[in-house]
Structures are given as C-alpha cells and as structure tokens.
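Asks: What follows is a structure written as structure tokens; I'll ask about it next.
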There are 2 protein chains.
Amino acid sequence: MQFVINDYWETSFKVVKQGFYEFKITAWVDHYTTWKKGLKKKFEAGQDIGVELQIGAELLNEAASENKSDAARLKAWSKHLLELNDAEQSVFLAYSNDIAEVMYKHRLPDLITEYPVTYSIDVERKKAGFSTWYELFPRSASAMPGQHGNFKDVIKLLPRVFNMGFDVLYFPPIHPIGELNRKGKNNSLTATDNDPGSPWAIGNRLGGHKAIHPQLGTLNDFKALLKEANSYGIDIAMDIAYQCAPDHPYVKEHPQWFKWRPDGTVQYAENPPKKYEDILPFNFETEDWENLWQELKSVIDYWIEAGVRVFRIDNPHTKAFGFWQWMIGEVRKKNPDIIFLAEAFTRPRVMERLAKAGFNQSYTYFTWRNTRQEIEQYITELTQTEMRYYFRPNFWPNTPDILPPALIQGGDNAHIMRVILAATLSSNYGLYGPVYEFGINAPHGAKEEYIDNEKYEIKHWDWTQYTRIGEIITRINRIRKENAALQSTWNIEFAGTSNDQIIGYLKTDADTNNNLLIVVNLDVNNTQGAHLKIPLSKLNIGYNEAYRVTDLLGGGKYQWFGDLNYVELNPYQMPAHIFKIEKL
Amino acid sequence: MQFVINDYWETSFKVVKQGFYEFKITAWVDHYTTWKKGLKKKFEAGQDIGVELQIGAELLNEAASENKSDAARLKAWSKHLLELNDAEQSVFLAYSNDIAEVMYKHRLPDLITEYPVTYSIDVERKKAGFSTWYELFPRSASAMPGQHGNFKDVIKLLPRVFNMGFDVLYFPPIHPIGELNRKGKNNSLTATDNDPGSPWAIGNRLGGHKAIHPQLGTLNDFKALLKEANSYGIDIAMDIAYQCAPDHPYVKEHPQWFKWRPDGTVQYAENPPKKYEDILPFNFETEDWENLWQELKSVIDYWIEAGVRVFRIDNPHTKAFGFWQWMIGEVRKKNPDIIFLAEAFTRPRVMERLAKAGFNQSYTYFTWRNTRQEIEQYITELTQTEMRYYFRPNFWPNTPDILPPALIQGGDNAHIMRVILAATLSSNYGLYGPVYEFGINAPHGAKEEYIDNEKYEIKHWDWTQYTRIGEIITRINRIRKENAALQSTWNIEFAGTSNDQIIGYLKTDADTNNNLLIVVNLDVNNTQGAHLKIPLSKLNIGYNEAYRVTDLLGGGKYQWFGDLNYVELNPYQMPAHIFKIEKL
C-alpha cells in the first residue's frame with residue numbers, strides 16, 4: 001500500500017477474470033523498518049549509532065533463527081552491520097532492498113492484525129455495463145398475419161435486430177401458458193378459445209418453468225435460435241417470472257409452496273383493487289422454503305445449460321431478498337458471465353437492496369423522469385452517490401406494462417426524444433420494440449397502458465415499414481458502438497443551459513479521448529434555443545482556444561470558441577445534437 | 001418505530017442514567033397488520049371479504065393456541081369477526097387497538113430478523129460536555145517565595161479558582177519525581193541538587209504511580225483537597241502519564257515491561273534528535289502485556305478510590321489503542337461519571353481513533369488555528385461532520401509545552417483574543433493558568449516553548465495582581481455559566497463578515513431561547529470594522545423587524561434592524577462583542 005496523506009493508504013490490483021473477488025486488509029508492526037528509520041534520524045543528527053547497530057543486528061539474527069531458507073543471508077547482513085565500522089555505510093546497508101524484501105517475507109505472524117471486514121468485488125462481463133435491449137413477443141414474429149409466430153420466425157428477424165444495433169433480444173416468458181383463469185384481450189376475465197393468454201401466467205398440463213410453449217417450437221429450435229443470435233453477438237434474454245398459473249404442475253406437486261385460503265383456493269396475486277386471477281405467487285414463508293429455493297434455482301440452471309446467458313427477472317421485489325442473494329451468488333460463482341436484470345419498479349430502498357443482493361442491472365424511474373430538473377437530479381443520484389458502486393441502471397422509455405404519459409401525449413417526437421435520452425444518459429437501455437419504433441401509443445382508457453396489449457393477444461407487425469423513430473434508433477445505436485463515451489453511465493457532467501427546455505451533458509472517455517456533448521430539446525412541440533455553458537476545463541480546452549464540434553446525429557461540423565455557445569433544436573426535424581468535440 | 005419516508009423509520013428513547021447503552025434493531029413479518037390492511041383495501045373497493053374474514057379469524061385462533069394468557073380474548077375476537085355479519089363492523093373490529101396490542105405481544109419468534117450491528121451510546125456526566133479548566137503546578141502554590149508548595153496551599157487558592165469561574169483544576173503528575181537522569185532548568189541534562197525535576201519523570205525509590213511526592217503532602221492531604229474542591233463544584237483533574245523515570249520501582253520489579261538495549265540500558269523516550277533521558281516508555285509489545293494492562297488500570301482504580309473523577313491522559317497516542325478501549329470501557333462501566341481527556345496532539349486520524357476508543361474529551365489543533373478561514377474550517381470539521389458523534393474538543397490556547405507564535409507575538413491583546421475564541425467556540429476549554437493570566441510569553445530561543453519552564457522549576461506567583469487578561473477571563477467564564485448557548489459546541493453557525501480580520505458566529509440554545517452573536521477582531525494590533533451578515537432566519541426574526549442586542553462582555557445595548565450591521569473593535573480596549581440577541 002502507498003501512503004497518500006493523513007494515515008490514508010491506497011493500493012490497487014487488476015481483476016483478470018469474471019466472477020467474485022474478495023480482499024481483506026492486514027497490517028503488522030514492522031520492527032525492522034521502524035528501526036532503520038530511527039537509525040537514519042540519529043545518524044543524520046550526528047548521534048552515536050553503535051548500540052542502534054547492535055539492535056538491528058539482533059533483529060536480523062532473530063529472523064535468521066526462525067527461517068532456515070534465508071538464515072545464511074540474514075546472519076551475514078547482521079555481521080556486516082556490526083563490522084563495517086563506518087556509520088554511513090552501515091545505514092546504507094540497513095536500507096538495502098535485499099534486506100527489506102527478506103524481512104518483509106519473514107514478518108512476525110503474531111503481530112499481524114486483520115481488519116474484520118471482507119470486501120468483495122463482482123467482476124461482470126462487458127455486456128453488463130454496455131447493452132442495448134430489444135423486447136419482442138416471439139408469438140408475434142410470424143410473417144403471416146393470423147399465424148402464431150415461433151423461434152424459426154425470430155431467427156429470420158435477427159439480421160434486422162442486428163442492423164438496428166441491438167445486442168440483447170428479450171422475450172417475455174416462453175413457457176406453456178395457463179388455461180385456467182386465462183385472461184382475454186385487454187386483461188378481460190373471460191378468454192375465448194382463441195385467446196393465447198398472458199405469457200406471465202406460467203404453466204399448464206404441458207409443463208412449467210422448464211418447458212417451452214409448443215407453438216413457439218422445441219427445445220432444439222430454441223437452441224438453434226440461441227446459436228444463430230450468438231453469431232450476431234446478440235444475447236437472448238429470458239424472462240423468469242417466479243409465479244404460476246393455477247394449472248401449473250407445481251400447484252398439485254408442491255401444494256406446500258402456495259398459500260391456501262379457507263375456501264380451498266390459492267390466494268392469487270393482487271394489489272387491491274387490481275386482481276391477477278391467472279397468477280398464483282409462491283409463498284416464500286413456506287416451511288418447505290429450502291426445497292422451493294432449490295427448485296427455483298434449478299430453473300435458471302436448466303436454461304443456462306440450454307445456452308441462455310441473460311435473465312430478466314420479473315418482479316423480484318415480491319420475493320425474498322435472501323433468495324436472490326443466495327441464488328445469484330451460487331449461479332454466478334459457477335457461471336460469472338450470467339447477467340441478471342431486475343424488473344423492479346418499486347420503492348427506491350428496495351431497488352437498491354436488490355442490486356446489493358447481486359442483480360447486475362435494474363429497471364429505473366427514468367420512464368417517468370421528464371423535466372430537466374428531474375433528469376439531472378435522478379442521474380446525479382445514480383452516478384454521483386454511493387449507488388454507483390452497486391446499482392447499474394438500465395433505462396426503458398416503455399415496457400409492455402407501461403406507456404408513460406410523455407409518449408401518449410408527445411407522439412413520434414416524444415418517442416425520438418426519449419430514446420435519445422435513454423441511449424445517451426445510460427450505457428444500458430432497452431425498448432419494448434415494435435410498438436416503440438412504429439410509434440404506437442394509444443392508451444387503454446385513462447390508464448398509462450397500451451390498449452389491445454400484446455400481453456393478451458398475438459400481433460402482426462410489418463417489419464419492413466420505414467419510420468423516423470426506427471431510423472433515429474438505428475443511428476443512435478451505431479453512435480453508441482462507435483463512441484466509448486456512451487459505453488459507461490458514470491462519466492457524465494451536466495452543462496448549464498439558459499433554457500430549461502434544453503438539457504445538455506458531457507460524456508467523456510479518457511482512454512480513447514472520446515468526448516461527446518449531448519444537447520436535447522425536451523419540448524416536443526416547439527423549437528427551442530439556448531446558450532450552453534460547456535465545461536471546457538474538463539476537456540482540457542483553453543477559454544481562448546478554438547475547437548471542432550461534429551454532430552454525429554444530425555450531421556454538420558462547426559468550429560466553436562469559448563465555453564458559451566448557442567444551439568437551437570426543432571423537434572420535427574432532429575431534437576438533439578450529439579456533438580463530438582475535438583481540440584484543433 | 002415511526003415511518004418517515006422511503007423505507008426510513010425512526011424512533012427515539014430517553015437515556016436516564018450515565019454509562020453505556022446499547023441498542024439493536026429487530027423486524028418481523030406482521031401477518032395480522034398485513035392482513036387487516038388488505039382487508040380494508042378490499043372492503044373499500046367493494047369486494048367480498050368473507051374469505052378474508054376467515055383468514056383473519058384463523059390468524060387470531062393460531063395466536064390463541066400458542067398463548068394461554070390471552071387465549072380467551074383472541075378466541076372471542078376470532079368468533080366476532082366471523083359472526084358480526086356486517087362488513088364495515090368487521091373491518092372496524094379488525095382495526096381495534098386491543099387486538100393490535102395483543103397481536104404485537106404475540107408476534108411469531110421464528111420470523112424475527114435482527115440487524116447484526118449493535119449500536120452503542122455513551123452517556124457522560126454533564127461536565128464532559130461543559131467544563132472550564134485551569135492548570136497549575138501545586139509545587140508553585142506556596143504563598144512564600146522559595147518554598148515548595150503543597151496541597152494545603154492549593155486549598156487556599158480554591159476560592160480564587162472558583163471566583164474566576166473554573167470548574168476543573170488540573171495538576172501535572174503528583175507522584176515522586178525520578179532522581180536518575182533528572183533534568184535541570186530549561187530541560188538541561190544536568191540537574192543540581194535544588195532542581196525539582198519534571199513531574200512527568202515519574203517514580204523514584206519512594207514509589208511510582210500510586211504514590212504522592214512527599215513535598216506535596218500525604219494521601220490524606222490530597223483527599224482533603226478533593227473534598228474542599230468538590231464543595232466549590234471543582235473537580236481535581238489528575239495527570240496520568242504512563243511512563244517511568246529510570247528509578248521508578250517498576251523498572252526493577254517488572255523489567256519485562258521495558259525494551260532493553262544491547263548495552264543493558266532501557267531505551268528512553270526520544271523523537272530524534274530530541275531525547276527524553278529522564279523518561280522510559282513502557283513496551284506495549286511485551287509478552288507480559290496482560291499484567292501490564294492490569295497494573296496500568298489499577299493506577300486509575302486506585303485514584304478513583306481516592307476520590308478523583310477526572311483524568312488527563314498524557315500522550316495517549318504513544319500507547320496501544322486496544323489498551324485504552326479496554327481500560328476506559330472497564331472503568332466507565334463501573335464508574336460512568338469518570339472523564340478522560342486525551343492529551344493527543346498528533347495526526348488527525350489517530351486523535352479520532354482515540355476518541356472512538358472512549359476518551360471523553362481531546363486536546364485539539366485550535367492552539368494553532370489563527371485566521372478566520374482556519375478557524376471556520378476547523379470548527380466546521382469538528383461540528384458538522386460525523387466527528388461530532390464521537391470526538392469532543394477541549395480548546396487550549398497554551399499548555400506548559402506549547403507557547404504558540406500568536407501568543408509570543410501578540411502579547412496581552414492576543415492572550416485576551418485567544419481565550420475569548422476558545423471559551424466561546426468550544427464548551428470545553430482550558431488554560432495553563434498562571435502564565436496565561438499574567439501575560440507571561442517569553443519564548444525559549446526560537447522554540448515555541450516557555451523559557452524558564454515551570455516543568456523544570458518551582459515558581460512563585462503573585463496571585464493578587466490585577467491583569468486585564470484575568471479580568472476578561474473571569475467575565476467570560478461568568479457569561480458561559482449564564483448562557484446555555486455557550487454550553488454546547490455543536491450549536492454554531494458562522495456569520496458572514498465583510499472583513500477577514502473579523503470573525504462572527506451565532507450560538508443558539510433552543511430550550512432556553514438563548515441566542516448569542518460573538519464577534520471577534522483577530523487583528524491584535526489595529527482597530528478593525530466590518531459589516532456582519534446575521535443569519536436572522538435562524539433566530540426567527542423577520543428582515544424588517546427590530547431586535548435588541550446586549551453586549552454581555554463590553555456592555556452596551558443597541559437596537560438593530562435587518563441582517564446587515566456594522567461593528568468596530570479596538571484590540572486595546574475590548575477585541576470582541578458577545579451580543580445577546582432578543583426579539584423585541
């Protein structure tokens with residue numbers, strides 16, 4: 001460890017493998033070094049050091065008597081110290097690196113103190129820190145309207161997903177869907193025979209969490225898809241929802257894992273007045289919890305065995321923290337390349353606790369952070385407080401469950417503005433893709449949800465249509481890949497602007513000298529202009545120096561000068577600049 | 001615990017006795033409360049609650065089956081829940097306080113989680129937080145020039161100490177002084193027969209740390225002094241210096257407690273090139289450390305038995321932290337009214353560590369903090385960071401070892417200014433008294449030490465002389481006693497001033513509505529004036545409201561208005577105002 005200041009010491013080490021590291025801090029009384037410093041002080045003060053040299057010689061002899069391997073050298077040094085008969089030379093010898101090394105090796109074990117805290121580091125694969133997610137329902141992937149899509153259809157979509165720049169393709173649960181209490185279109189209580197049901201109502205007579213819904217394909221089809229995706233650098237993210245349809249095999253096989261009511265039914269999930277009659281939660285307070293935990297973990301193990309490397313965990317906050325900590329720890333000890341994303345939209349402390357329990361990424365409140373003040377405050381919390389050490393955000397402008405007001409009211413312009421924010425504020429971001437790129441935003445009455453929600457029906461998408469939203473998503477994802485500054489979330493500094501409708505922030509990557517200035521118009525209806533205050537000192541650019549800015553998003557090259565510059569953005573053309581800044 | 005916000009909960013409890021408190025935090029799954037909240041939600045949503053009531057009745061019955069004492073009531077409530085046949089009344093019953101109390105009493109022990117941290121609180125006596133120290137050498141207390149003073153002489157000085165407003169009278173060590181290697185005047189290596197030696201060179205053929213230097217008196221004399229001091233509300237603070245003169249009995253009786261050198265001598269204390277030939281340190285790395293610790297603790301026990309309640313510990317930073325933690329913990333467990341002051345002028349982290357080990361007060365860097373910026377920064381560190389929770393400062397403008405440059409250069413004016421700062425910035429302060437009040441400030445050459453230091457010779461003081469310094473100390477101490485705002489160190493807020501030579505700060509006590517504004521001229525040579533910016537909002541005074549300020553130190557009453565007021569201070573008259581602020 002190196003001395004810094006005021007009893008602070010620091011050191012660093014390089015992590016070379018994925019997985020968990022631990023470190024402890026130990027200290028010991030270093031008699032030899034203490035002695036040689038005193039010796040030098042006395043020598044420099046012109047004092048007699050005869051007795052001091054005897055003490056040092058004794059220290060070396062003591063070490064010799066306890067360590068065979070270096071005994072000869074230690075005894076020789078001890079003898080030299082006394083026989084040199086030249087104070088300056090003796091001090092010089094006392095300070096030799098050889099002695100320091102040997103004495104370090106033979107430090108006395110009885111004077112070692114160990115700090116009682118064990119620190120741990122979780123080394124993840126690169127994708128945990130930089131990933132771009134696209135969510136689609138495989139059952140809507142068929143090229144033929146009215147036909148149930150399957151994994152083979154998805155394989156045909158992979159080039160498109162790749163070309164748009166996504167590297168995680170995320171599916172809702174792919175298991176058999178419950179037939180009992182199945183929901184109909186728009187979450188209605190009565191399903192017709194044609195209604196496919198919600199994929200989150202998991203399990204029926206055909207199997208549960210380790211089975212595949214037959215219409216999607218076989219396990220081999222799924223493995224073929226994983227392999228093909230992999231060849232594009234795309235991970236398939238699997239949705240794990242630890243809950244059961246009433247006809248899931250677990251309910252009969254392990255009734256003790258559920259909470260039975262006096263009327264002989266299992267308590268279904270609810271958040272009064274909302275009811276989820278098609279979903280039964282596990283009872284994590286069951287006395288048989290050990291078997292339950294093992295079984296739930298075996299689901300993950302099963303799909304890892306099949307080739308899955310990324311899991312999106314549904315509603316982790318309604319399960320026991322202890323389970324996550326144990327399960328993720330066990331899984332990642334064996335497979336450190338596995339990524340777990342927490343779908344937790346809940347209280348802040350609970351989301352933080354899940355991150356500490358081991359989740360590698362988490363959904364966030366970004367979905368509802370709209371004004372400049374809201375965004376700056378939230379990003380500051382995520383990146384400048386201790387949260388940065390354990391909580392890794394993944395920004396989603398929408399999900400199948402959430403159509404936020406901004407997207408309802410703001411139409412295409414809002415979709416463009418929000419995805420630019422997500423993709424440049426956070427190195428991990430994702431979209432519930434088709435509806436987003438096609439600009440679909442019709443709400444279910446007054447709810448912040450999609451009408452005719454894909455959760456309850458099969459859709460048919462025209463994947464060939466051109467949209468401005470899709471075009472900009474594609475450009476943004478390319479810019480993210482080409483600029484290291486967008487591949488970390490912590491490297492942000494906000495720029496002052498003279499207009500609250502304009503937000504500006506600097507993203508910097510020192511290693512590649514990649515410096516971006518992103519400016520976004522938060523007003524989706526009107527052109528807005530602002531003076532930007534650019535933190536030039538951060539860029540090592542002088543206040544009287546010219547520099548070049550290149551707009552990677554909308555095109556255009558400018559020469560700027562000084563830290564105050566004016567920008568204007570029309571939301572119907574391009575609501576943002578992504579300026580690359582270069583010293584001239 | 002009461003819910004605050006975002007999963008934060010708080011509670012408070014009153015400490016009623018001195019000593020150590022511990023608390024832990026436990027949590028449990030409260031099934032009954034969870035159930036009744038769900039019940040209410042469903043009821044309010046107009047849903048059928050028949051099955052819910054059965055579940056609640058079951059919860060009550062389960063509790064009844066496990067708890068004889070309340071079984072009858074629990075069973076009755078269970079029955080009522082089912083039989084009321086009126087949803088609203090059932091919900092009302094479910095929410096009854098009686099049920100809540102009984103169910104709280106019978107929470108299930110298997111679902112209790114205990115947070116692994118045990119928090120501790122150290123409740124000290126009032127004087128640990130508010131004390132005014134006067135240091136004198138009893139051997140210089142004789143009324144007769146040339147005569148060795150003793151405890152009886154000190155008794156005669158008690159009225160004077162009391163009248164000046166001091167409540168701790170602190171003596172350097174009172175034990176027999178070593179005769180071997182005794183130091184002469186001004187720390188010279190050769191002592192004449194008349195030289196009394198340094199009181200910190202402890203022990204000779206007459207005894208060690210449990211003995212009294214014969215010329216000071218007997219143990220009974222000392223006890224009589226303690227009793228008389230006590231009747232004035234004055235504590236005698238004893239100096240405990242864990243070190244030995246070469247002729248201390250320990251050296252022969254416990255040679256294993258010292259570090260012996262190859263030449264057959266014990267290593268004396270040194271800080272090259274400085275040498276303390278009259279002092280041998282204990283070797284805290286001795287294998288016999290357990291006996292050493294016990295013996296050192298027995299010294300404290302011995303003097304507590306004799307009636308001492310306050311100990312000033314010499315150089316604690318050169319001894320093992322573990323020893324202090326153990327010793328102070330053991331002593332204060334039995335005698336929670338004991339106060340330990342750490343004489344630690346060392347690195348900040350070490351001073352903090354000593355405070356955490358249990359010291360109730362500590363010397364500080366105030367001695368060398370002179371400019372407005374230095375003072376504001378240091379006080380902010382002490383009072384606004386987490387240090388406030390464990391480190392209690394005691395401000396000393398001088399000690400027998402330290403005559404700081406400010407006092408050498410600034411004469412009487414500096415003595416007055418510095419004691420005003422110490423006494424109003426910190427609720428605990430102290431002076432090495434006679435030289436301070438008499439304005440003695442001749443240095444030992446270029447050193448920041450007193451020439452003809454009382455450490456090495458007996459002095460004779462004219463206690464009847466009038467000095468401006470003594471007069472102001474007396475006034476200040478009276479003001480401290482009469483104003484609760486000066487009896488805490490944490491209640492400070494700095495006021496802006498337009499001149500860096502003028503420092504201003506507000507001290508407030510909400511309980512007594514006591515609000516003081518202290519303004520000090522840091523320039524000891526020139527009159528300085530400044531506009532003060534008074535934090536009126538803190539005083540609940542409006543910006544267009546008049547208020548009265550009364551100068552408790554220099555006299556004078558003014559009516560002020562607004563938050564900006566001009567002051568001017570002449571260091572030759574009175575370098576400070578202590579304004580009492582009152583709403584009109």
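By order in the structure tokens, chains are A, B, ...; within a chain, residues start at 1; ligands start at 1, following the order shown.
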Within 8 Å of chain B, which residues of chain A are there when counting only C-alpha atoms? Please give them as a list in words.

Replies: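 So the contacting residues turn out to be Asn6, Asp7, Gly38, Lys41, Lys42, Ala45, Val51, Gln54, Ile55, Arg261, Pro262, Asp263, Pro272, Pro273, Arg347, Pro348 and Arg349 of chain A.
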
Asks: Pick out the residues sitting within 7 Å of stretch 60-67 of chain B, and hand them over as a PyMOL selection string; count only C-alpha atoms, and ignore anything fewer than 6 positions along from it in its own chain.

Replies: chain B and resi 74-75+78+106

Asks: What lies within 7 Å of stretch 200-216 of chain A using only C-alpha atoms, ignoring chain neighbours under 3 positions off, as a list in words?

Replies: Arg139, His148, Gly149, Asn150, Phe151, Pro173, Ile174, His175, Pro176, Ile177, Gly178, Glu179, Leu219, Ala241, Gln243, Cys244, Ala245, Asp247, His248, Pro249, Asp278, Ile279, Val299 and Tyr302 of chain A

Asks: So how far away is atom CA of A:Asn413 from atom CA of A:Tyr466, in Å?

Replies: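 Computing the Euclidean distance for atom CA of A:Tyr466 and atom CA of A:Asn413 yields 15.4 Å.
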
Asks: I'd like the neighbourhood of B:Ala485 as a list in words, where a residue qualifies if any of its atoms comes within 7 Å (using only C-alpha atoms), though same-chain residues fewer than 2 positions away should be ignored.

Replies: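 Everything that qualifies: Asn483, Gln487, Ser488, Lys507, Thr508, Asp509, Asn514, Asn515 and Leu516 of chain B.
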
Asks: Check stretch 74-263 of chain B with DSSP on the backbone and list each residue it calls alpha helix (DSSP H), as a PyMOL selection string.

Replies: chain B and resi 74-83+87-94+97-105+151-163+219-231+249-253

Asks: Excluding A:Thr527 and its own-chain neighbours fewer than 6 positions away, which residues fall within 9 Å of it when counting only C-alpha atoms? Please give them as a ChimeraX atom specification.

Replies: /A:521,568-572,575

Asks: Got a sec to tell me which of stretch 15-198 of chain B DSSP assigns to strand (DSSP E or B), as a ChimeraX atom specification?

Replies: /B:19-23,26-28,112-114,119-123,131-135,168-171,177,184,188

Asks: Tell me which protein, DNA and RNA residues are within 10 Å of B:Thr380, counting only C-alpha atoms, leaving out same-chain ones fewer than 3 positions away, and put them as an MDAnalysis selection string.

Replies: chainID B and resid 374:377 383:385 388 490 492:494

Asks: Keeping N, CA, C and O atoms, export the residues of the selection given above as a compact mmCIF listing (two decimals), in the first residue's frame.

Replies:
# COMPACT_ATOMS: atom_id res chain seq x y z
N GLU B 374 -8.98 29.48 8.79
CA GLU B 374 -8.53 28.31 9.55
C GLU B 374 -9.53 27.93 10.63
O GLU B 374 -9.85 26.76 10.83
N ILE B 375 -10.02 28.94 11.33
CA ILE B 375 -10.95 28.67 12.44
C ILE B 375 -12.28 28.14 11.91
O ILE B 375 -12.80 27.15 12.40
N GLU B 376 -12.82 28.80 10.88
CA GLU B 376 -14.12 28.36 10.35
C GLU B 376 -14.03 26.93 9.82
O GLU B 376 -14.92 26.12 10.02
N GLN B 377 -12.92 26.64 9.13
CA GLN B 377 -12.75 25.30 8.55
C GLN B 377 -12.64 24.24 9.65
O GLN B 377 -13.27 23.19 9.58
N THR B 383 -17.68 20.16 14.09
CA THR B 383 -19.10 20.22 14.49
C THR B 383 -20.08 19.78 13.41
O THR B 383 -21.22 19.48 13.73
N GLN B 384 -19.66 19.75 12.14
CA GLN B 384 -20.63 19.44 11.08
C GLN B 384 -20.36 18.12 10.39
O GLN B 384 -21.14 17.69 9.56
N THR B 385 -19.26 17.46 10.69
CA THR B 385 -19.00 16.15 10.10
C THR B 385 -19.34 15.09 11.15
O THR B 385 -19.71 15.42 12.28
N ARG B 388 -18.57 14.86 15.15
CA ARG B 388 -19.35 15.36 16.28
C ARG B 388 -19.93 14.23 17.11
O ARG B 388 -20.30 14.43 18.26
N TRP B 490 -21.79 22.18 19.46
CA TRP B 490 -22.34 21.83 18.14
C TRP B 490 -23.28 22.88 17.56
O TRP B 490 -23.61 22.83 16.38
N ILE B 492 -23.35 25.91 16.47
CA ILE B 492 -22.69 27.12 15.95
C ILE B 492 -23.05 27.34 14.49
O ILE B 492 -23.23 26.39 13.72
N GLU B 493 -23.20 28.61 14.13
CA GLU B 493 -23.35 28.96 12.72
C GLU B 493 -22.54 30.21 12.46
O GLU B 493 -22.69 31.22 13.18
N PHE B 494 -21.66 30.17 11.46
CA PHE B 494 -20.83 31.34 11.21
C PHE B 494 -21.62 32.42 10.49
O PHE B 494 -22.50 32.13 9.67

Asks: Give me, as a PyMOL selection string, all polymer residues having an atom no more than 7 Å from stretch 356-367 of chain A, counting only C-alpha atoms and skipping those fewer than 3 positions away in the same chain.

Replies: chain A and resi 128+321+324-325+328-329+339-345+352-353+390-398+404

Asks: To one decimal in Å, tell me the separation between atom CA of A:Pro400 and atom CA of A:Lys259.

Replies: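 Interatomic distance here is 28.5 Å.
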
Asks: My list of candidates is A:Ala406, A:Val435, A:Leu552, A:Leu506. Which is closest to A:Ser537 when distances are computed with only C-alpha atoms?

Replies: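 Using only C-alpha atoms, the shortest distance to A:Ser537 belongs to A:Leu506.
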
Asks: If you measure from atom CA of B:Ala484 to atom CA of B:Gly504, what distance in Å do you get, rounded to one decimal?

Replies: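 Spanning atom CA of B:Ala484 to atom CA of B:Gly504 is a straight-line distance of 18.3 Å.
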